[in-house]
Amino acid sequence: MILYPEDRIPLVRLVPLGMQHVVAMFGATVLAPILMGFNPQVALFFSGIGTLIFILITGFKVPSYLGSSFAFIGPVLAVTGGDASRIPYALCGILGAAALYGIAALVTIRWGSRWIDRLMPPVVTGSVVALIGLNLASSAVTNSTNAHMTIATSADAMRLAIAGATFLTAALVAIHLKGFLRLLPILIGVIAGYALSMLCGVVDSKAIAHIQSAAWLGLPPFQTPAFSAKALLAIAPIFVVLVAENKGHIAAISGYMGRDLNPYLGRAYLGDAVATMVSALGGGTPQTTYAENMGVMAITRVYSISNFVMAASIAILLGLCPKFGALIQSIPNPVLGGVTLILYGLIAVMGVRIWMQANVDFSDHRNLVVAGAPLIVATGLGVTGLTVLGVNIAGIALGTLLALVLNMILSIGGKQ
């Protein structure tokens, strides 16, 4: 039996179903702000707020959960350089991306989605998705080892061992476990890695003291944006990635549910854009619809909107618990390195999957150039980006722009 968006669920069943979606999105939604230097408690709070905004704007027709976007990690780090005091400038860039995303939404609502298909055929969309994972590859490796990527001391070897144990745990859970536990490889991997870090004394004692002193209830530490033209140039173009990502997610949900949700694509863009804008105004991460929760829907065949209202409500309550936020912030870097090896790899392979499903012809030299050059540029630049006359351009932003421009230029005079 399929439960459609308009179907109601009894409360006794709704609570565990909603919690399941929280667990599914939790690992990535919390991991992304940690990697960007944002507060995970704030990100979790706004993921719930953003999901409710999305549901409202889409008219309770599109079942989705919104969480932290990984597409912004590289550009944000290029702006902040890992310095938390520069996060307000990054928030300015995220607001710029949300504004451009909102314009794209209004255009789609007015004229339909054909313009997106022309601007971003599968060869471009696959490249954009793949280069996100490849651009972040160095971050996963340095978290697993150190900034110099050397193993010279016993402490370095310990970090690598913890990262390896975390990675193997998550991989084995995803491959060999059955049922509900198979949906939790990242969460289980983090728990196992954290436990090993505690046994090895890797967890910072100050972080443990902060957990003990944190209150059980309290508002998240909100922040407001500060204007930065450089941040706008580095981060705002990433809205193109969200356009491509959300389009693919809506198509997938339509296929799972057996209903055409394409007429709601413009509204979905608008809901995502407004959710991202509200999140950035309060110091949260940019939002996007989550593939993890799509997987839960596909397995359970439960597409009821009330399910996502419950999940969003639970996330908001967790965001109001400072002790929980302090626990998340205490996760050691090697543990993050272990799970991001899987997550970033999956993102890169998802781009390849888009090419395969669309039967992109790589015997065509145009496709080879459009797909290959942006991947090399984004991977080579990494999270450092390219600085031109004092303005830093993130690798993901430059790679995405290059894919779009190459596709338009090399398509002139070619077949439709």
# chains A, B, ... in the order shown; residues from 1 in each chain; ligands from 1
>>> residues_around(residues="Pro221 in chain A", least_positions_apart="2", cutoff="12 Å", atoms="only C-alpha atoms", output="number ranges by chain")
A: 38-46, 218-219, 223-224, 282-284, 319-322, 325-326
>>> residues_around(residues="Ser64 in chain A", least_positions_apart="2", cutoff="8 Å", atoms="only C-alpha atoms", output="list in words")
Thr51, Ile55, Val62, Leu66, Thr289, Tyr290, Asn293, Met294 and Phe308 of chain A
>>> atom_distance(atom1="CA of Leu398 in chain A", atom2="CA of Asn367 in chain A")
18.2 Å
>>> closest_atom_pairs(of="range 4-65 of chain A", to="range 81-93 of chain A", cutoff="9 Å", atoms="only C-alpha atoms", output="JSON lines")
{"residue": "A:Leu35", "atom": "CA", "partner": "A:Gly82", "partner_atom": "CA", "distance": 8.9}
{"residue": "A:Met36", "atom": "CA", "partner": "A:Gly82", "partner_atom": "CA", "distance": 7.3}
{"residue": "A:Gly37", "atom": "CA", "partner": "A:Ala84", "partner_atom": "CA", "distance": 6.0}
{"residue": "A:Phe38", "atom": "CA", "partner": "A:Ile87", "partner_atom": "CA", "distance": 7.4}
>>> closest_residue(among="A:Pro225, A:Gly380, A:Gly102, A:Pro10", to="Arg267 in chain A", atoms="only C-alpha atoms")
A:Gly102
>>> closest_residue(among="A:Val190, A:Ile396, A:Leu106, A:Leu318", to="Ala234 in chain A", atoms="only C-alpha atoms")
A:Ile396
>>> select_by_dssp(residues="range 120-349 of chain A", states="alpha helix (DSSP H)", output="ChimeraX atom specification")
/A:122-135,137-144,154-176,185-200,205-213,229-235,239-257,265-281,291-300,305-319,322-329,333-349
>>> write_last_selection(atoms="C-alpha atoms", output="compact mmCIF listing (two decimals), in the first residue's frame")
# COMPACT_ATOMS: atom_id res chain seq x y z
CA PRO A 122 22.54 15.51 -18.46
CA VAL A 123 26.18 15.94 -19.52
CA VAL A 124 26.28 19.24 -17.58
CA THR A 125 24.18 18.08 -14.63
CA GLY A 126 26.30 14.96 -14.15
CA SER A 127 29.51 17.02 -14.29
CA VAL A 128 28.22 19.52 -11.72
CA VAL A 129 27.21 16.78 -9.27
CA ALA A 130 30.47 14.82 -9.74
CA LEU A 131 32.74 17.83 -9.31
CA ILE A 132 31.18 18.60 -5.90
CA GLY A 133 32.52 15.31 -4.52
CA LEU A 134 35.87 15.59 -6.27
CA ASN A 135 36.37 19.20 -5.18
CA ALA A 137 38.33 15.13 -1.80
CA SER A 138 41.29 16.86 -0.17
CA SER A 139 39.14 17.80 2.84
CA ALA A 140 38.29 14.14 3.50
CA VAL A 141 41.95 13.12 3.27
CA THR A 142 43.30 15.89 5.51
CA ASN A 143 40.65 15.17 8.15
CA SER A 144 41.70 11.51 8.08
CA SER A 154 52.18 7.57 16.54
CA ALA A 155 49.50 10.26 16.87
CA ASP A 156 49.27 10.47 13.06
CA ALA A 157 48.95 6.69 12.84
CA MET A 158 46.21 6.76 15.49
CA ARG A 159 44.23 9.35 13.54
CA LEU A 160 44.47 7.27 10.39
CA ALA A 161 43.39 4.12 12.25
CA ILE A 162 40.32 5.88 13.67
CA ALA A 163 39.39 7.22 10.23
CA GLY A 164 39.84 3.75 8.73
CA ALA A 165 37.71 2.09 11.42
CA THR A 166 34.97 4.68 10.96
CA PHE A 167 35.04 4.22 7.19
CA LEU A 168 34.93 0.42 7.36
CA THR A 169 32.09 0.42 9.90
CA ALA A 170 29.92 2.68 7.74
CA ALA A 171 30.74 0.71 4.58
CA LEU A 172 30.00 -2.69 6.16
CA VAL A 173 26.69 -1.43 7.60
CA ALA A 174 25.59 -0.15 4.18
CA ILE A 175 26.59 -3.38 2.43
CA HIS A 176 25.80 -6.20 4.85
CA PRO A 185 25.59 3.73 7.87
CA ILE A 186 26.81 7.28 8.51
CA LEU A 187 25.24 7.51 11.97
CA ILE A 188 26.52 4.07 13.03
CA GLY A 189 29.96 4.84 11.59
CA VAL A 190 30.18 8.10 13.55
CA ILE A 191 29.09 6.38 16.77
CA ALA A 192 31.69 3.63 16.33
CA GLY A 193 34.43 6.14 15.45
CA TYR A 194 33.54 8.37 18.38
CA ALA A 195 33.62 5.42 20.80
CA LEU A 196 37.05 4.39 19.49
CA SER A 197 38.26 8.00 19.81
CA MET A 198 37.15 8.06 23.45
CA LEU A 199 39.03 4.83 24.15
CA CYS A 200 42.17 6.22 22.49
CA SER A 205 38.86 17.23 27.05
CA LYS A 206 37.60 20.81 26.60
CA ALA A 207 34.87 19.51 24.30
CA ILE A 208 33.81 16.96 26.93
CA ALA A 209 33.70 19.70 29.58
CA HIS A 210 31.57 21.83 27.23
CA ILE A 211 29.10 18.95 26.84
CA GLN A 212 28.81 18.57 30.62
CA SER A 213 28.25 22.29 31.19
CA ALA A 229 31.23 41.38 -2.41
CA LYS A 230 33.94 38.70 -2.54
CA ALA A 231 31.69 36.21 -0.75
CA LEU A 232 28.85 36.97 -3.16
CA LEU A 233 31.08 36.27 -6.17
CA ALA A 234 32.40 33.05 -4.64
CA ILE A 235 29.18 31.54 -3.29
CA PHE A 239 22.48 28.24 -6.89
CA VAL A 240 22.90 26.52 -10.29
CA VAL A 241 23.88 23.31 -8.46
CA LEU A 242 20.70 23.46 -6.35
CA VAL A 243 18.60 23.97 -9.49
CA ALA A 244 20.05 20.81 -11.05
CA GLU A 245 19.92 18.83 -7.80
CA ASN A 246 16.33 19.70 -6.95
CA LYS A 247 15.15 18.94 -10.48
CA GLY A 248 16.60 15.45 -10.25
CA HIS A 249 15.07 14.85 -6.82
CA ILE A 250 11.58 15.90 -7.93
CA ALA A 251 11.83 13.60 -10.95
CA ALA A 252 12.88 10.70 -8.70
CA ILE A 253 10.01 11.23 -6.24
CA SER A 254 7.57 11.41 -9.16
CA GLY A 255 8.79 8.03 -10.35
CA TYR A 256 8.60 6.44 -6.90
CA MET A 257 5.11 7.75 -6.19
CA LEU A 265 8.99 22.21 -9.80
CA GLY A 266 8.89 26.02 -9.70
CA ARG A 267 7.24 25.96 -6.29
CA ALA A 268 9.83 23.45 -5.07
CA TYR A 269 12.60 25.81 -6.19
CA LEU A 270 10.89 28.70 -4.43
CA GLY A 271 10.39 26.71 -1.22
CA ASP A 272 14.06 25.70 -1.22
CA ALA A 273 15.18 29.27 -1.95
CA VAL A 274 13.07 30.82 0.82
CA ALA A 275 14.17 28.13 3.28
CA THR A 276 17.83 28.86 2.43
CA MET A 277 17.26 32.61 2.81
CA VAL A 278 15.61 32.23 6.23
CA SER A 279 18.39 29.87 7.35
CA ALA A 280 21.15 32.28 6.23
CA LEU A 281 19.48 35.20 8.02
CA ALA A 291 18.28 12.12 -1.30
CA GLU A 292 18.60 10.20 2.00
CA ASN A 293 14.95 10.88 2.80
CA MET A 294 13.95 10.00 -0.75
CA GLY A 295 15.49 6.59 -0.11
CA VAL A 296 13.37 6.17 3.01
CA MET A 297 10.25 7.06 1.01
CA ALA A 298 11.13 4.56 -1.71
CA ILE A 299 11.57 1.76 0.84
CA THR A 300 8.54 2.51 3.05
CA ILE A 305 3.14 15.16 4.15
CA SER A 306 2.23 14.72 7.82
CA ASN A 307 5.26 12.43 8.07
CA PHE A 308 7.57 15.32 7.15
CA VAL A 309 5.76 17.77 9.41
CA MET A 310 6.49 15.41 12.30
CA ALA A 311 10.15 14.98 11.23
CA ALA A 312 10.59 18.77 10.99
CA SER A 313 9.06 19.24 14.44
CA ILE A 314 11.45 16.69 15.98
CA ALA A 315 14.44 18.41 14.31
CA ILE A 316 13.37 21.80 15.70
CA LEU A 317 13.16 20.33 19.22
CA LEU A 318 16.67 18.82 18.88
CA GLY A 319 17.90 22.22 17.68
CA PRO A 322 22.46 23.04 23.49
CA LYS A 323 23.82 19.87 25.12
CA PHE A 324 23.02 17.95 21.95
CA GLY A 325 24.76 20.62 19.87
CA ALA A 326 27.87 20.45 22.06
CA LEU A 327 27.99 16.67 21.64
CA ILE A 328 27.93 16.99 17.85
CA GLN A 329 30.68 19.64 17.85
CA ASN A 333 38.33 15.17 12.72
CA PRO A 334 39.44 11.58 11.95
CA VAL A 335 35.85 10.40 12.47
CA LEU A 336 34.63 13.07 10.06
CA GLY A 337 37.35 12.06 7.62
CA GLY A 338 36.21 8.44 7.67
CA VAL A 339 32.57 9.17 6.88
CA THR A 340 33.31 11.89 4.33
CA LEU A 341 35.39 9.42 2.32
CA ILE A 342 32.09 7.63 1.71
CA LEU A 343 29.86 10.69 1.35
CA TYR A 344 32.08 12.60 -1.06
CA GLY A 345 32.68 9.44 -3.06
CA LEU A 346 28.94 8.83 -3.33
CA ILE A 347 28.39 12.38 -4.55
CA ALA A 348 31.04 11.97 -7.25
CA VAL A 349 29.59 8.63 -8.38
>>> atom_distance(atom1="CA of Thr80 in chain A", atom2="CA of Gly48 in chain A")
25.5 Å
>>> residues_around(residues="Gly112 in chain A", least_positions_apart="4", cutoff="8 Å", atoms="only C-alpha atoms", output="JSON list (two decimals) with C-alpha atoms, in the first residue's frame")
[["chain", "number", "residue", "atom", "x", "y", "z"],
["A", 107, "VAL", "CA", 10.97, 32.04, -14.04],
["A", 108, "THR", "CA", 10.12, 28.33, -13.81],
["A", 263, "PRO", "CA", 4.15, 21.12, -12.43],
["A", 266, "GLY", "CA", 8.89, 26.02, -9.70]]
>>> residues_around(residues="Ala403 in chain A", least_positions_apart="2", cutoff="9 Å", atoms="only C-alpha atoms", output="PyMOL selection string")
chain A and resi 120+123-125+127-128+369-375+398-401+405-408
>>> select_by_dssp(residues="range 285-349 of chain A", states="strand (DSSP E or B)", output="list in words")
Gln287, Thr288, Thr289 and Val302 of chain A
>>> atom_distance(atom1="CA of Ile49 in chain A", atom2="CA of Val76 in chain A")
21.8 Å
>>> closest_residue(among="A:Ala215, A:Tyr303, A:Thr29, A:Ile53", to="Ile9 in chain A", atoms="only C-alpha atoms")
A:Tyr303
>>> residues_around(residues="Glu6 in chain A", least_positions_apart="3", cutoff="8 Å", atoms="only C-alpha atoms", output="PyMOL selection string")
chain A and resi 60-61+304-305
>>> closest_residue(among="A:Ile109, A:Gly385, A:Ala397, A:His148", to="Thr58 in chain A", atoms="only C-alpha atoms")
A:Ile109
